[in-house]
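Q: Okay, handing you the structure first.
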Amino acid sequence: MKVNEMKASEIQDMSKAYNLHSWSVQGPLKPKVMAKAEGVCFWDGDGKKYFDMSSQLVNLNIGHGNQKVIEAIKDQAEKLAFASPAFALDVRSLLAKRIIDMAPSNMGKVFFTLGGADANENAIKIARLFTGRNKIMSRYRSYHGATYGAANLTGEPRKYACEPGIPGFVKFFDPYVYRAPIDFETEEAATAYYIGQLREQIIYEGRNSVAAIFMESITGSNGVIIPPKGYMKGVRDLCDEFGIMMVCDEVMTGWGRTGKCFGVNNFDVEPDIITFAKGITCGYVPLGGTIVSKAIAKHFDDHFLSCGLTYSAHPIGCAAGLATLDVYEEGKLFDNANAMGAILGDLLETLKSKHACVGDVRYIGLFSAVELVKDKATKEALVPYDGDPDKLMPKINGMLSERGFSTYTHENCIIVAPPLIINEAELKEAMAIMDDVLTIVDETML
Ligand code: PLP
């Protein structure tokens, strides 16, 4: 059997026989075959069409089949497919400069990686090298990647496989106001509570011992948790007070997903380090990176940067990155994320008021989550945090998929994060599917 000559059933059987699939018990899997993809849609091996309402893994911001990026990849492969990271190349220099120009004004240089986990691994090392400190703080409801260091940053159950864990990784609570232990009257009151708690925790850990605080600027997979007013500034102030590096993981929230270049741009705060991946190339080829402030970059003028990857700043990745940034700019896609995000927000609010199973909806730009509950008043989650004995969430995801709405669920949340190229008609058609499925949930699962 050869590429392009296999039937869908053969592809699926061989995949089951030889591929290990991520985050799954392998036996029951029936991996869907993707036969074709274009724009905001893809088609399976039987020719069935799906709206790609999670942009695959919230990375395919420009949608499928973008010819500009495809051409850039082909051209770079022809011209120079590989050179070790030590060489200066036009695409490497240009992409790094362009990223620095788009990043907050305090940012200085970029270390390129292949994806998000290794961007975070390198951020951990850089923060430790720069501060000479050891401890790293991050939040419980966070995902930062699956490699050992990144999994130790991660606070949710995907970290369990890497336990007992690396010493010096400390977790703190997220400003998850919907599920806060206190009914805060204002966002500012919530911020005061969470920042006060974090300050106390930093002191308990040792005021001179924390190298970095890692945060997704807006928590992604763990429920699109948007921090309350003033929270990010509060963390910035704590970092300044205690000499801690503020690291924003923008792997999911970067490159227009929230309607701004980086999620942190929504909060008028400049972190010390930003990590990114996903939307820089939208997965057409792998690329990620760690952006450091001018102060950190200067430190390494006369200190050894103990970081390296054979494929750091891969020429084809950098060429794809440059073309992707052109696509964002030429299509005004960040603006489209804002415009379509406003429509999505209204549709989500309607779902919340209509459906008994929708406890909360959270959204910013084209980044959103629908949080399902058994009971709106008590907020009891539809499935417990660390288990889903009746497999309700896979059932709900299956019903969405059967009707042509492709996404993923995490805990009791459904992620809705379509490509930034989506238009109003596509958005409304897809969200009507969600509406139908939530009606079934109301009627059969509560
Ligand atoms: N950080 C965040 C916020 C993510 O959402 C992810 C992946 O989903 C990662 C890091 C890890 O990125 P990768 O899968 O490219 O290693």
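If you're wondering about the labels, chains in the structure tokens are A, B, ... by order shown, residues count from 1 in each chain, ligands from 1 in order shown.
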Run DSSP on the backbone and give me the residues of region 254-401 of chain A it puts in strand (DSSP E or B), as number ranges by chain.
A: A: 273-276, 288-293, 358-364, 367-375, 380-381
Q: Give me, as a count of residues only, the set of residues whose atoms come within 10 Å of any atom of ligand 1, counting only C-alpha atoms and all ligand atoms.
A: 45
Q: Write out as number ranges by chain which residues come within 12 Å of Leu29 (chain A) when counting only C-alpha atoms, dropping same-chain ones fewer than 6 positions away.
A: A: 12-13, 15-17, 19-23, 394
Q: Which is closer to Lys374 (chain A) than all the others in A:Asn397, A:Asn412, A:Thr191, A:Asn106, using only C-alpha atoms?
A: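 For Lys374 (chain A), the nearest of the given residues is A:Asn412.
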Q: Can you check which residues of region 263-397 of chain A DSSP gives as alpha helix (DSSP H) on the backbone and send them as a ChimeraX atom specification?
A: /A:294-299,315-330,333-354,392-397
Q: When distances are computed from only C-alpha atoms, which of A:Met445, A:Ala320, A:Val3, A:Leu198 shows the smallest separation from Arg92 (chain A)?
A: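 When distances to Arg92 (chain A) are compared using only C-alpha atoms, the smallest one comes from A:Ala320.
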Q: Suppose you want the space between CA of Ala425 (chain A) and CA of His410 (chain A); what is it in Å?
A: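 Spanning CA of Ala425 (chain A) to CA of His410 (chain A) is a straight-line distance of 26.8 Å.
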Q: At a cut-off of 12 Å, using only C-alpha atoms, what residues contact Lys49 (chain A)? Leave out same-chain residues fewer than 2 positions from it and give the result as a PyMOL selection string.
A: chain A and resi 33-47+51-52+401-406+430
Q: Quick one: residues within 12 Å of Leu344 (chain A), only C-alpha atoms, excluding same-chain residues fewer than 5 positions away - as a PyMOL selection string?
A: chain A and resi 53+336-339+349-351+361-370+416-418+420+422-432+434
Q: Using only C-alpha atoms, which of A:Cys162, A:Met232, A:Ile280, A:Leu80 sits nearest Met102 (chain A)?
A: A:Ile280
Q: For Ala313 (chain A), list every protein, DNA or RNA residue within 10 Å, evaluated using only C-alpha atoms, and leave out those in the same chain fewer than 4 positions away; present the list as a ChimeraX atom specification.
A: /A:82-89,91-93,95-96,110-114,287-289,309,317-319
Q: Restricting the calculation to only C-alpha atoms: of A:Ile166, A:Met340, A:Ala297, A:Leu238, which residue gets closest to Ile203 (chain A)?
A: A:Leu238
Q: I want to know what sits within 10 Å of Cys261 (chain A), based on only C-alpha atoms, with residues of the same chain fewer than 2 positions away left out; could you give that as a ChimeraX atom specification?
A: /A:102-104,250,253-259,263-266,328,334
Q: Give me, please, the distance in Å between CA of Ile124 (chain A) and CA of Pro175 (chain A), quoted to one decimal.
A: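 So the two atoms, CA of Ile124 (chain A) and CA of Pro175 (chain A), lie 22.6 Å apart.
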Q: Return the single residue from A:Gly27, A:Gly206, A:Pro164, A:Gly65 that is closest to Thr324 (chain A), with distances computed using only C-alpha atoms.
A: A:Gly65
Q: Could you check which of A:Asp375, A:Asp442, A:Asp326, A:Asp436 is closest to Asn66 (chain A), using only C-alpha atoms?
A: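 Distance minimum relative to Asn66 (chain A) lands on A:Asp326.
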Q: So what do you get for CA of Gly279 (chain A) versus CA of Leu60 (chain A), distance-wise?
A: 6.3 Å
